[in-house]
file input_11.csv (CSV, C-alpha atoms)
chain,number,residue,atom,x,y,z
A,1,MET,CA,-26.9,35.7,30.4
A,2,SER,CA,-26.7,33.9,27.1
A,3,GLU,CA,-25.4,35.6,24.0
A,4,THR,CA,-26.3,34.6,20.5
A,5,TYR,CA,-24.5,35.5,17.3
A,6,ARG,CA,-25.8,35.7,13.9
A,7,ARG,CA,-24.2,36.0,10.5
A,8,VAL,CA,-25.7,38.8,8.6
A,9,ALA,CA,-25.7,39.5,4.9
A,10,ASP,CA,-28.1,41.5,2.6
A,11,GLU,CA,-28.3,42.6,-1.0
A,12,HIS,CA,-25.7,45.3,-0.3
A,13,THR,CA,-23.1,42.9,1.1
A,14,PRO,CA,-20.0,42.2,-1.0
A,15,PHE,CA,-19.2,38.7,-2.3
A,16,ARG,CA,-16.5,36.5,-0.9
A,17,ASP,CA,-13.2,36.0,-2.6
A,18,LEU,CA,-12.8,33.0,-4.9
A,19,VAL,CA,-11.0,30.0,-3.4
A,20,PRO,CA,-7.4,29.8,-4.6
A,21,ASN,CA,-6.6,27.1,-7.2
A,22,THR,CA,-10.2,26.5,-7.9
A,23,GLN,CA,-10.3,28.9,-10.9
A,24,PRO,CA,-8.2,28.7,-14.1
A,25,ASP,CA,-5.3,31.0,-14.6
A,26,ASN,CA,-5.8,33.0,-17.8
A,27,ASN,CA,-2.1,32.4,-18.6
A,28,ALA,CA,-2.4,28.8,-19.5
A,29,PRO,CA,0.5,27.9,-21.9
A,30,GLU,CA,-0.9,24.4,-22.8
A,31,TYR,CA,-4.0,26.2,-24.3
A,32,GLY,CA,-2.6,28.0,-27.3
A,33,SER,CA,-5.3,30.6,-27.7
A,34,THR,CA,-4.3,32.1,-24.4
A,35,HIS,CA,-0.9,33.2,-25.6
A,36,LYS,CA,-1.9,36.5,-27.1
A,37,ARG,CA,-5.0,37.0,-25.1
A,38,HIS,CA,-4.0,36.9,-21.4
A,39,PRO,CA,-3.1,40.2,-19.8
A,40,LYS,CA,0.5,40.5,-18.7
A,41,GLN,CA,-0.2,43.1,-16.0
A,42,PRO,CA,-1.6,41.9,-12.7
A,43,GLY,CA,-5.3,42.6,-12.2
A,44,LEU,CA,-6.2,45.7,-10.3
A,45,ARG,CA,-7.6,44.7,-7.0
A,46,THR,CA,-10.7,46.8,-6.3
A,47,PRO,CA,-13.3,47.0,-3.6
A,48,GLN,CA,-16.8,45.9,-4.5
A,49,THR,CA,-19.1,48.8,-5.1
A,50,VAL,CA,-22.7,48.9,-6.1
A,51,THR,CA,-21.5,48.2,-9.7
A,52,GLU,CA,-20.1,44.8,-8.6
A,53,ILE,CA,-22.7,43.9,-5.9
A,54,ALA,CA,-25.8,44.7,-7.8
A,55,GLY,CA,-26.4,42.8,-11.1
A,56,PRO,CA,-28.8,42.5,-14.0
A,57,ARG,CA,-32.2,40.7,-13.7
A,58,PHE,CA,-33.6,38.6,-16.5
A,59,SER,CA,-37.2,37.6,-16.9
A,60,PRO,CA,-38.7,35.1,-19.4
A,61,SER,CA,-40.9,37.9,-20.7
A,62,HIS,CA,-37.8,39.6,-22.2
A,63,TYR,CA,-35.7,36.5,-22.6
A,64,PRO,CA,-38.0,33.6,-23.6
A,65,ALA,CA,-37.2,30.2,-22.2
A,66,VAL,CA,-36.1,27.3,-24.5
A,67,ILE,CA,-36.2,24.1,-22.4
A,68,ASP,CA,-36.1,21.5,-25.1
A,69,LEU,CA,-33.2,21.5,-27.4
A,70,SER,CA,-33.9,18.0,-28.7
A,71,ARG,CA,-36.6,19.2,-31.1
A,72,SER,CA,-36.7,21.9,-33.7
A,73,GLY,CA,-39.5,22.9,-36.1
A,74,GLY,CA,-41.5,19.9,-34.9
A,75,HIS,CA,-38.7,17.4,-35.7
A,76,GLU,CA,-36.6,15.3,-33.4
A,77,ALA,CA,-32.8,16.0,-33.5
A,78,MET,CA,-30.5,13.0,-34.1
A,79,GLY,CA,-28.6,11.5,-31.2
A,80,GLU,CA,-28.9,10.3,-27.6
A,81,ARG,CA,-31.7,12.3,-25.9
A,82,ILE,CA,-30.8,13.4,-22.3
A,83,VAL,CA,-32.4,15.3,-19.5
A,84,VAL,CA,-30.0,17.5,-17.5
A,85,HIS,CA,-31.1,19.0,-14.2
A,86,GLY,CA,-29.5,20.4,-11.1
A,87,ARG,CA,-29.5,23.2,-8.6
A,88,VAL,CA,-27.9,26.6,-8.5
A,89,LEU,CA,-26.7,27.4,-4.9
A,90,ASP,CA,-24.5,29.9,-3.3
A,91,GLU,CA,-21.4,29.2,-1.2
A,92,ASP,CA,-23.6,29.1,1.9
A,93,GLY,CA,-25.8,26.4,0.3
A,94,ARG,CA,-28.7,28.7,-0.3
A,95,PRO,CA,-30.7,28.3,-3.5
A,96,VAL,CA,-30.3,31.0,-6.2
A,97,PRO,CA,-33.9,31.5,-7.5
A,98,ASP,CA,-35.1,33.0,-10.7
A,99,THR,CA,-31.7,33.2,-12.3
A,100,MET,CA,-31.2,32.8,-16.1
A,101,VAL,CA,-29.1,29.9,-17.3
A,102,GLU,CA,-28.0,30.0,-21.0
A,103,ILE,CA,-26.9,26.8,-22.7
A,104,TRP,CA,-25.1,26.0,-25.9
A,105,GLN,CA,-23.5,22.9,-27.4
A,106,ALA,CA,-22.4,20.9,-30.3
A,107,ASN,CA,-24.7,18.3,-31.9
A,108,ALA,CA,-24.5,14.5,-31.5
A,109,ALA,CA,-21.8,14.4,-34.2
A,110,GLY,CA,-19.6,17.0,-32.5
A,111,ARG,CA,-20.5,19.9,-34.8
A,112,TYR,CA,-21.7,23.3,-33.8
A,113,ASN,CA,-24.4,25.1,-35.7
A,114,HIS,CA,-22.0,27.9,-36.3
A,115,PRO,CA,-20.3,29.2,-39.5
A,116,ASN,CA,-16.8,29.1,-38.0
A,117,ASP,CA,-17.1,25.3,-37.2
A,118,VAL,CA,-15.7,23.5,-40.2
A,119,HIS,CA,-15.3,20.1,-38.6
A,120,ASP,CA,-16.1,17.4,-41.1
A,121,ALA,CA,-19.1,16.1,-39.3
A,122,PRO,CA,-22.8,16.4,-40.3
A,123,LEU,CA,-25.0,19.3,-39.2
A,124,ASP,CA,-28.4,18.4,-38.0
A,125,PRO,CA,-31.1,20.6,-39.4
A,126,HIS,CA,-33.2,19.8,-36.4
A,127,PHE,CA,-30.6,20.7,-33.8
A,128,LYS,CA,-29.8,24.4,-33.1
A,129,GLY,CA,-27.9,23.9,-29.9
A,130,GLU,CA,-29.1,26.9,-27.9
A,131,GLY,CA,-31.2,26.8,-24.7
A,132,ARG,CA,-32.3,29.1,-22.0
A,133,VAL,CA,-33.9,28.2,-18.6
A,134,PHE,CA,-34.6,29.9,-15.3
A,135,THR,CA,-34.2,28.5,-11.9
A,136,ASP,CA,-37.3,28.0,-9.7
A,137,ALA,CA,-37.7,29.1,-6.1
A,138,GLY,CA,-35.6,26.2,-4.9
A,139,GLY,CA,-32.8,27.0,-7.4
A,140,TRP,CA,-33.6,24.0,-9.6
A,141,TYR,CA,-33.3,24.0,-13.4
A,142,GLN,CA,-33.9,21.3,-16.0
A,143,PHE,CA,-33.7,21.0,-19.8
A,144,THR,CA,-33.8,18.3,-22.4
A,145,THR,CA,-31.2,18.0,-25.1
A,146,ILE,CA,-29.0,15.6,-27.2
A,147,LYS,CA,-25.7,14.4,-25.8
A,148,PRO,CA,-23.1,16.4,-27.5
A,149,GLY,CA,-20.3,14.6,-29.4
A,150,ALA,CA,-16.6,15.1,-29.0
A,151,TYR,CA,-14.8,17.1,-31.7
A,152,PRO,CA,-11.3,17.8,-32.8
A,153,TRP,CA,-9.6,21.2,-32.4
A,154,ARG,CA,-6.2,22.3,-33.5
A,155,ASN,CA,-4.6,23.1,-30.2
A,156,HIS,CA,-2.1,20.3,-30.6
A,157,PHE,CA,-1.7,17.2,-32.6
A,158,ASN,CA,-4.7,14.9,-32.4
A,159,ALA,CA,-6.5,17.2,-29.9
A,160,TRP,CA,-10.1,16.4,-29.2
A,161,ARG,CA,-12.5,18.2,-26.8
A,162,PRO,CA,-14.3,15.9,-24.4
A,163,ASN,CA,-18.1,15.9,-24.6
A,164,HIS,CA,-19.3,19.1,-23.0
A,165,ILE,CA,-22.2,21.5,-22.6
A,166,HIS,CA,-21.5,25.3,-22.2
A,167,TYR,CA,-23.3,27.3,-19.6
A,168,SER,CA,-23.7,30.9,-18.8
A,169,LEU,CA,-25.2,32.0,-15.4
A,170,PHE,CA,-25.7,35.4,-13.8
A,171,GLY,CA,-26.7,35.0,-10.1
A,172,PRO,CA,-27.6,37.9,-7.8
A,173,GLY,CA,-24.7,40.3,-8.6
A,174,PHE,CA,-22.3,41.3,-11.3
A,175,ALA,CA,-19.6,39.6,-9.2
A,176,THR,CA,-21.4,36.2,-9.4
A,177,ARG,CA,-21.3,36.0,-13.2
A,178,LEU,CA,-20.2,32.5,-14.3
A,179,ILE,CA,-19.4,30.9,-17.7
A,180,THR,CA,-18.3,27.3,-17.6
A,181,GLN,CA,-18.6,23.9,-19.2
A,182,MET,CA,-20.2,20.7,-18.0
A,183,TYR,CA,-18.5,17.4,-18.8
A,184,PHE,CA,-19.7,13.8,-18.7
A,185,PRO,CA,-18.6,11.0,-16.4
A,186,GLY,CA,-16.1,8.5,-17.6
A,187,ASP,CA,-14.8,10.5,-20.6
A,188,PRO,CA,-11.3,9.4,-21.4
A,189,LEU,CA,-10.6,12.7,-23.1
A,190,LEU,CA,-10.8,14.7,-19.8
A,191,ALA,CA,-7.3,13.7,-18.7
A,192,LEU,CA,-5.9,15.0,-22.0
A,193,ASP,CA,-7.9,18.2,-22.3
A,194,PRO,CA,-5.9,21.4,-21.6
A,195,ILE,CA,-9.0,23.5,-21.0
A,196,PHE,CA,-10.5,21.2,-18.3
A,197,ASN,CA,-7.0,20.9,-16.7
A,198,THR,CA,-6.5,24.6,-16.3
A,199,VAL,CA,-8.3,24.1,-13.0
A,200,ALA,CA,-5.5,23.1,-10.6
A,201,ASP,CA,-7.6,21.7,-7.8
A,202,GLU,CA,-8.7,18.2,-8.6
A,203,HIS,CA,-11.8,18.4,-6.5
A,204,ALA,CA,-12.8,21.6,-8.3
A,205,ARG,CA,-12.2,19.8,-11.7
A,206,ALA,CA,-14.3,16.9,-10.5
A,207,ARG,CA,-17.2,19.3,-9.8
A,208,LEU,CA,-17.3,20.2,-13.5
A,209,ILE,CA,-18.3,16.6,-14.3
A,210,ALA,CA,-22.1,15.8,-14.3
A,211,LYS,CA,-23.3,12.7,-12.5
A,212,PHE,CA,-25.6,10.1,-14.1
A,213,ASP,CA,-29.0,10.3,-12.3
A,214,ILE,CA,-31.3,7.4,-12.5
A,215,GLU,CA,-34.0,9.4,-10.7
A,216,VAL,CA,-34.3,11.8,-13.6
A,217,THR,CA,-33.8,9.1,-16.2
A,218,ARG,CA,-37.1,8.7,-18.0
A,219,PRO,CA,-38.1,5.1,-18.9
A,220,GLU,CA,-38.2,4.4,-22.6
A,221,TRP,CA,-37.2,8.0,-23.3
A,222,ALA,CA,-34.0,9.6,-22.0
A,223,LEU,CA,-31.0,9.2,-19.7
A,224,GLY,CA,-30.7,11.8,-16.8
A,225,TYR,CA,-27.8,13.7,-15.6
A,226,ARG,CA,-27.4,16.0,-12.6
A,227,PHE,CA,-25.1,19.1,-12.6
A,228,ASP,CA,-25.1,21.6,-9.7
A,229,PHE,CA,-23.6,25.1,-9.8
A,230,VAL,CA,-22.2,27.1,-6.8
A,231,LEU,CA,-22.0,30.8,-7.2
A,232,ARG,CA,-20.0,33.1,-5.0
A,233,GLY,CA,-21.5,33.6,-1.6
A,234,ARG,CA,-21.8,36.9,0.2
A,235,ASP,CA,-19.3,38.0,2.9
A,236,THR,CA,-21.1,37.9,6.2
A,237,THR,CA,-20.8,40.1,9.3
A,238,ILE,CA,-21.1,38.4,12.7
A,239,VAL,CA,-23.4,40.4,15.0
A,240,GLN,CA,-24.2,39.8,18.6
A,241,GLU,CA,-27.9,39.7,19.4
B,1,MET,CA,-19.1,24.7,2.7
B,2,PRO,CA,-19.6,24.6,-1.0
B,3,ILE,CA,-17.0,26.3,-3.2
B,4,ALA,CA,-17.8,28.4,-6.2
B,5,THR,CA,-17.8,26.5,-9.5
B,6,SER,CA,-14.8,26.9,-11.7
B,7,PHE,CA,-14.9,29.0,-14.9
B,8,GLN,CA,-14.2,27.5,-18.3
B,9,THR,CA,-13.7,29.5,-21.5
B,10,ILE,CA,-16.7,30.7,-23.5
B,11,GLY,CA,-14.9,29.2,-26.5
B,12,PRO,CA,-15.2,30.1,-30.2
B,13,TYR,CA,-18.9,29.1,-30.7
B,14,TRP,CA,-20.7,31.2,-28.1
B,15,ALA,CA,-22.5,33.1,-30.9
B,16,LEU,CA,-25.2,30.3,-30.6
B,17,ILE,CA,-26.4,32.5,-27.6
B,18,GLU,CA,-25.8,35.8,-29.4
B,19,HIS,CA,-28.7,38.0,-30.2
B,20,PRO,CA,-27.7,41.3,-31.8
B,21,GLU,CA,-30.5,43.2,-30.2
B,22,MET,CA,-28.9,42.7,-26.8
B,23,ALA,CA,-26.4,45.3,-27.7
B,24,ASP,CA,-29.1,47.9,-27.6
B,25,LEU,CA,-30.1,48.5,-23.9
B,26,THR,CA,-32.7,51.1,-25.0
B,27,ARG,CA,-34.7,48.5,-27.0
B,28,PHE,CA,-37.4,48.1,-24.3
B,29,GLY,CA,-38.3,51.8,-24.5
B,30,ALA,CA,-35.9,53.3,-22.0
B,31,ALA,CA,-36.1,57.0,-21.6
B,32,GLY,CA,-33.0,59.1,-20.9
B,33,GLU,CA,-29.9,60.4,-22.5
B,34,ASN,CA,-29.0,57.9,-25.2
B,35,VAL,CA,-25.3,57.2,-25.8
B,36,VAL,CA,-23.4,55.0,-28.1
B,37,LEU,CA,-20.3,53.3,-26.7
B,38,SER,CA,-18.1,51.6,-29.3
B,39,GLY,CA,-14.6,50.4,-29.6
B,40,ARG,CA,-12.2,47.8,-30.9
B,41,MET,CA,-10.6,44.9,-29.1
B,42,THR,CA,-7.1,43.8,-30.0
B,43,ASP,CA,-4.7,41.1,-28.8
B,44,GLY,CA,-1.0,41.0,-27.9
B,45,ASP,CA,-0.1,41.3,-31.6
B,46,GLY,CA,-2.5,44.1,-32.2
B,47,ALA,CA,-4.7,41.8,-34.2
B,48,PRO,CA,-8.5,42.2,-33.9
B,49,VAL,CA,-10.2,39.8,-31.4
B,50,ALA,CA,-12.9,38.7,-33.8
B,51,ASP,CA,-14.7,36.1,-31.7
B,52,ALA,CA,-15.1,37.8,-28.3
B,53,ALA,CA,-18.3,38.5,-26.4
B,54,ILE,CA,-18.3,41.8,-24.6
B,55,GLU,CA,-21.0,42.5,-22.0
B,56,LEU,CA,-21.9,45.9,-20.5
B,57,TRP,CA,-23.4,46.3,-17.1
B,58,GLN,CA,-24.3,49.6,-15.4
B,59,ALA,CA,-25.9,50.1,-12.0
B,60,SER,CA,-27.1,53.6,-13.1
B,61,PRO,CA,-29.7,54.5,-14.2
B,62,ALA,CA,-31.3,51.8,-12.0
B,63,ALA,CA,-32.6,48.8,-14.0
B,64,SER,CA,-36.3,48.7,-14.7
B,65,GLU,CA,-38.9,47.1,-17.0
B,66,THR,CA,-37.7,49.4,-19.8
B,67,PHE,CA,-34.0,49.5,-19.0
B,68,PRO,CA,-32.1,46.2,-18.4
B,69,GLY,CA,-28.8,47.8,-17.4
B,70,TRP,CA,-27.1,44.9,-19.2
B,71,GLY,CA,-26.2,44.2,-22.8
B,72,ARG,CA,-24.0,41.8,-24.9
B,73,CYS,CA,-22.3,42.4,-28.1
B,74,ALA,CA,-20.2,40.2,-30.4
B,75,CYS,CA,-16.9,41.7,-31.7
B,76,ASP,CA,-17.0,41.7,-35.5
B,77,ARG,CA,-14.3,40.6,-37.9
B,78,ASP,CA,-12.4,43.7,-37.2
B,79,GLY,CA,-12.7,43.4,-33.4
B,80,ARG,CA,-15.3,46.2,-33.2
B,81,PHE,CA,-18.2,46.4,-30.8
B,82,ARG,CA,-21.0,48.9,-30.3
B,83,PHE,CA,-23.6,49.4,-27.6
B,84,THR,CA,-26.5,51.8,-27.4
B,85,THR,CA,-27.4,52.6,-23.8
B,86,LEU,CA,-28.4,55.4,-21.4
B,87,LYS,CA,-25.7,57.7,-20.0
B,88,PRO,CA,-25.0,56.6,-16.4
B,89,GLY,CA,-25.0,59.0,-13.5
B,90,PRO,CA,-22.8,59.1,-10.4
B,91,LEU,CA,-23.0,56.3,-7.9
B,92,PRO,CA,-22.1,55.9,-4.2
B,93,GLY,CA,-18.6,54.5,-3.6
B,94,PRO,CA,-16.8,53.0,-0.6
B,95,GLY,CA,-17.3,55.1,2.6
B,96,ASN,CA,-18.6,58.5,1.7
B,97,ALA,CA,-16.9,58.5,-1.7
B,98,GLN,CA,-18.8,59.1,-4.9
B,99,GLN,CA,-18.1,57.2,-8.1
B,100,ALA,CA,-17.9,59.0,-11.4
B,101,PRO,CA,-20.4,57.8,-14.1
B,102,HIS,CA,-19.2,54.5,-15.5
B,103,VAL,CA,-20.2,51.2,-17.1
B,104,ALA,CA,-18.5,47.9,-16.4
B,105,LEU,CA,-17.4,45.8,-19.3
B,106,THR,CA,-16.8,42.1,-19.3
B,107,ILE,CA,-14.8,40.2,-21.9
B,108,PHE,CA,-15.3,36.5,-22.6
B,109,ALA,CA,-13.5,34.9,-25.5
B,110,ARG,CA,-11.7,31.8,-26.8
B,111,GLY,CA,-8.3,31.9,-25.0
B,112,ILE,CA,-9.7,33.6,-22.0
B,113,LEU,CA,-10.5,31.0,-19.3
B,114,THR,CA,-12.4,33.2,-16.8
B,115,ARG,CA,-13.6,36.7,-17.7
B,116,LEU,CA,-11.8,40.0,-17.9
B,117,VAL,CA,-13.5,43.0,-16.3
B,118,THR,CA,-12.8,46.6,-16.9
B,119,ARG,CA,-14.7,49.9,-16.7
B,120,ALA,CA,-15.5,52.7,-19.1
B,121,TYR,CA,-15.6,56.2,-17.6
B,122,PHE,CA,-16.5,59.2,-19.6
B,123,ASP,CA,-13.8,61.8,-20.5
B,124,GLY,CA,-14.4,65.2,-19.0
B,125,GLU,CA,-16.7,64.2,-16.1
B,126,PRO,CA,-15.8,66.3,-13.1
B,127,LEU,CA,-16.1,63.4,-10.7
B,128,ASN,CA,-13.4,61.4,-12.6
B,129,ASP,CA,-10.5,63.1,-10.7
B,130,ALA,CA,-11.9,62.0,-7.3
B,131,ASP,CA,-13.2,58.5,-8.4
B,132,PRO,CA,-12.1,55.9,-5.8
B,133,ILE,CA,-11.5,53.2,-8.4
B,134,LEU,CA,-9.7,55.4,-11.0
B,135,GLY,CA,-7.6,56.7,-8.1
B,136,LEU,CA,-6.2,53.2,-7.6
B,137,VAL,CA,-4.4,53.4,-11.0
B,138,GLU,CA,-1.4,55.6,-10.4
B,139,ASP,CA,0.1,55.6,-13.9
B,140,PRO,CA,-1.9,58.2,-16.0
B,141,ALA,CA,-1.3,56.2,-19.2
B,142,ARG,CA,-2.8,53.1,-17.6
B,143,ARG,CA,-5.7,55.1,-16.1
B,144,ALA,CA,-6.4,56.5,-19.6
B,145,THR,CA,-7.3,52.9,-20.7
B,146,LEU,CA,-10.4,53.2,-18.5
B,147,ILE,CA,-11.7,56.5,-20.0
B,148,ALA,CA,-13.9,56.6,-23.1
B,149,ARG,CA,-13.3,59.5,-25.5
B,150,PRO,CA,-15.9,61.6,-27.3
B,151,ASP,CA,-16.6,60.2,-30.7
B,152,GLY,CA,-19.2,62.6,-32.2
B,153,PRO,CA,-22.5,63.7,-30.7
B,154,GLY,CA,-23.7,61.3,-28.1
B,155,ALA,CA,-21.0,58.8,-29.0
B,156,TRP,CA,-18.0,57.6,-27.0
B,157,ARG,CA,-15.2,55.3,-27.9
B,158,ILE,CA,-13.0,53.0,-25.8
B,159,ASP,CA,-10.6,50.5,-27.2
B,160,ILE,CA,-9.6,47.3,-25.3
B,161,ARG,CA,-6.1,45.8,-25.6
B,162,LEU,CA,-5.9,42.4,-24.0
B,163,GLN,CA,-2.1,42.3,-23.8
B,164,GLY,CA,1.0,44.2,-24.3
B,165,GLU,CA,1.5,47.9,-25.0
B,166,SER,CA,-1.3,50.1,-23.7
B,167,GLU,CA,-2.8,47.0,-22.1
B,168,THR,CA,-6.2,47.8,-20.6
B,169,VAL,CA,-6.5,47.8,-16.9
B,170,PHE,CA,-8.5,44.8,-15.8
B,171,MET,CA,-10.0,44.5,-12.3
B,172,GLU,CA,-10.3,41.7,-9.8
B,173,PHE,CA,-12.8,41.9,-6.9
call {"tool": "encode", "arguments": {"input": "input_11.csv", "output": "structure tokens"}}
result
Amino acid sequence: MSETYRRVADEHTPFRDLVPNTQPDNNAPEYGSTHKRHPKQPGLRTPQTVTEIAGPRFSPSHYPAVIDLSRSGGHEAMGERIVVHGRVLDEDGRPVPDTMVEIWQANAAGRYNHPNDVHDAPLDPHFKGEGRVFTDAGGWYQFTTIKPGAYPWRNHFNAWRPNHIHYSLFGPGFATRLITQMYFPGDPLLALDPIFNTVADEHARARLIAKFDIEVTRPEWALGYRFDFVLRGRDTTIVQE
Amino acid sequence: MPIATSFQTIGPYWALIEHPEMADLTRFGAAGENVVLSGRMTDGDGAPVADAAIELWQASPAASETFPGWGRCACDRDGRFRFTTLKPGPLPGPGNAQQAPHVALTIFARGILTRLVTRAYFDGEPLNDADPILGLVEDPARRATLIARPDGPGAWRIDIRLQGESETVFMEF
């Protein structure tokens, strides 16, 4: 008699623990803003209930998509136009469809369209720096933008942030919420950046760096980059069939 | 197997994705008991956290076309935030336990590399005493950081302290 086993998970199944050393510690002394903002008490370990396992749903009807950041008001933004695409998968390699991806970034000169950004670099009236896309059935997303510039910050003497794009993702449950930053390959500032280096695991850090993608590069128009996300997978139960 | 992507801080300029209407979860025409949940966020020096994003998520009432169950609010110059939502009801908990009405709150900010998650329960709810999550916090003073207090008709207040004295209980799951 042959026995088969199957791993089972459904929408009520809790999510797996995060892998040690692949996530930053909120107590990160090299990053000055953490000093007064990280909790001193250990986090309360709680079971996942419906509050953590379920999560919000977003549809373009309530949250309109903005897939081209490189134009505003009918005008082209200044800078190097790029296409960024990739997949949102879970830890079992399954696509995460219909999930909202929010994007924000500095302009080509390294300046955010934000009143608190006082860096002495020009604002671009045709670059707002906000995007919003949704993954398709295969978990794919794509948008067009301008490559963001590096900019100084006052964390330490001569501190500069590497070029980066900010991302916010939701996924299937409250437990899968993710906010992160995508970096660019070959950036010499990465080795010096206290925020990037809060991730202890070098392979996990490397996964925050996009890859140049000639397949998505459009002739006479824009360079392409690929950046994939992995959201927490569900715990599975092994059942005998 | 793939490993979940690392968090990075939301940073100081996240307001590019801020839309003030997101703090009103009733804006799509939700019907039910409206409540206002407000508070103030402070850091380890007691100074206002003026550039934080706070997100609210509640699994009850169930999300629908008219009720997203989710909202986002920017803390203002004084660290204050304010949501308008529907009063949640009880929810099933682990085993046969029932959870008292609550909302989950997520904090993202410059200087926070991942996210901080806490809950707001409602003072005086009979189910609070038997709530399986509140029951994990033994110290009554710490448990009190998870309970919103009445703040006028239909209004509740919960303050969030990221660090130090009366530090809010944050959860990991």
call {"tool": "interface_residues", "arguments": {"input": "input_11.csv", "of": "chain B", "to": "chain A", "cutoff": "7 Å", "atoms": "only C-alpha atoms", "output": "PyMOL selection string"}}
result
chain B and resi 1-10+13+16-17+43-45+58-59+68-70+93-94+110-114+133+162-164+169-173
call {"tool": "write_last_selection", "arguments": {"input": "input_11.csv", "atoms": "C-alpha atoms", "output": "mmCIF file, keeping the file's coordinate frame"}}
result
data_model
loop_
_atom_site.group_PDB
_atom_site.id
_atom_site.type_symbol
_atom_site.label_atom_id
_atom_site.label_comp_id
_atom_site.auth_asym_id
_atom_site.auth_seq_id
_atom_site.Cartn_x
_atom_site.Cartn_y
_atom_site.Cartn_z
ATOM 1 C CA MET B 1 -19.100 24.700 2.700
ATOM 2 C CA PRO B 2 -19.600 24.600 -1.000
ATOM 3 C CA ILE B 3 -17.000 26.300 -3.200
ATOM 4 C CA ALA B 4 -17.800 28.400 -6.200
ATOM 5 C CA THR B 5 -17.800 26.500 -9.500
ATOM 6 C CA SER B 6 -14.800 26.900 -11.700
ATOM 7 C CA PHE B 7 -14.900 29.000 -14.900
ATOM 8 C CA GLN B 8 -14.200 27.500 -18.300
ATOM 9 C CA THR B 9 -13.700 29.500 -21.500
ATOM 10 C CA ILE B 10 -16.700 30.700 -23.500
ATOM 11 C CA TYR B 13 -18.900 29.100 -30.700
ATOM 12 C CA LEU B 16 -25.200 30.300 -30.600
ATOM 13 C CA ILE B 17 -26.400 32.500 -27.600
ATOM 14 C CA ASP B 43 -4.700 41.100 -28.800
ATOM 15 C CA GLY B 44 -1.000 41.000 -27.900
ATOM 16 C CA ASP B 45 -0.100 41.300 -31.600
ATOM 17 C CA GLN B 58 -24.300 49.600 -15.400
ATOM 18 C CA ALA B 59 -25.900 50.100 -12.000
ATOM 19 C CA PRO B 68 -32.100 46.200 -18.400
ATOM 20 C CA GLY B 69 -28.800 47.800 -17.400
ATOM 21 C CA TRP B 70 -27.100 44.900 -19.200
ATOM 22 C CA GLY B 93 -18.600 54.500 -3.600
ATOM 23 C CA PRO B 94 -16.800 53.000 -0.600
ATOM 24 C CA ARG B 110 -11.700 31.800 -26.800
ATOM 25 C CA GLY B 111 -8.300 31.900 -25.000
ATOM 26 C CA ILE B 112 -9.700 33.600 -22.000
ATOM 27 C CA LEU B 113 -10.500 31.000 -19.300
ATOM 28 C CA THR B 114 -12.400 33.200 -16.800
ATOM 29 C CA ILE B 133 -11.500 53.200 -8.400
ATOM 30 C CA LEU B 162 -5.900 42.400 -24.000
ATOM 31 C CA GLN B 163 -2.100 42.300 -23.800
ATOM 32 C CA GLY B 164 1.000 44.200 -24.300
ATOM 33 C CA VAL B 169 -6.500 47.800 -16.900
ATOM 34 C CA PHE B 170 -8.500 44.800 -15.800
ATOM 35 C CA MET B 171 -10.000 44.500 -12.300
ATOM 36 C CA GLU B 172 -10.300 41.700 -9.800
ATOM 37 C CA PHE B 173 -12.800 41.900 -6.900
#
call {"tool": "atom_distance", "arguments": {"input": "input_11.csv", "atom1": "atom CA of B:Ala63", "atom2": "atom CA of A:Glu11"}}
result
15.0 Å
call {"tool": "closest_residue", "arguments": {"input": "input_11.csv", "among": "A:Gln142, A:Arg218, A:Thr99, A:Phe170", "to": "B:Glu55", "atoms": "only C-alpha atoms"}}
result
A:Phe170
call {"tool": "residues_around", "arguments": {"input": "input_11.csv", "residues": "A:Thr236", "least_positions_apart": "5", "cutoff": "8 Å", "atoms": "all atoms listed in the file", "output": "count of residues only"}}
result
4
call {"tool": "residues_around", "arguments": {"input": "input_11.csv", "residues": "A:Arg81", "least_positions_apart": "5", "cutoff": "12 Å", "atoms": "all atoms listed in the file", "output": "list in words"}}
result
Asp68, Leu69, Ser70, Arg71, Glu76, Asn107, Ala108, Phe127, Phe143, Thr144, Thr145, Ile146, Lys147, Pro148, Thr217, Arg218, Pro219, Glu220, Trp221, Ala222, Leu223, Gly224 and Tyr225 of chain A
call {"tool": "residues_near_point", "arguments": {"input": "input_11.csv", "point": "(-27.5, 37.4, 16.8)", "cutoff": "10 Å", "atoms": "only C-alpha atoms", "output": "JSON, numbers by chain"}}
result
{"A": [3, 4, 5, 6, 7, 8, 238, 239, 240, 241]}
call {"tool": "atom_distance", "arguments": {"input": "input_11.csv", "atom1": "atom CA of B:Pro90", "atom2": "atom CA of A:Asp98"}}
result
28.9 Å
call {"tool": "residues_around", "arguments": {"input": "input_11.csv", "residues": "B:Arg142", "least_positions_apart": "3", "cutoff": "8 Å", "atoms": "all atoms listed in the file", "output": "list in words"}}
result
Val137, Glu138, Asp139, Thr145, Leu146, Ser166, Glu167, Thr168 and Val169 of chain B
call {"tool": "residues_around", "arguments": {"input": "input_11.csv", "residues": "B:Leu105", "least_positions_apart": "3", "cutoff": "7 Å", "atoms": "all atoms listed in the file", "output": "list of chain:residue names"}}
result
B:Ile54, B:Glu55, B:Leu56, B:Trp57, B:Val117, B:Thr118, B:Arg119
call {"tool": "atom_distance", "arguments": {"input": "input_11.csv", "atom1": "atom CA of B:Asp51", "atom2": "atom CA of B:Met22"}}
result
16.4 Å
call {"tool": "closest_residue", "arguments": {"input": "input_11.csv", "among": "B:Ala50, B:Gly79, B:Ala15, B:Lys87", "to": "B:Ala31", "atoms": "only C-alpha atoms"}}
result
B:Lys87
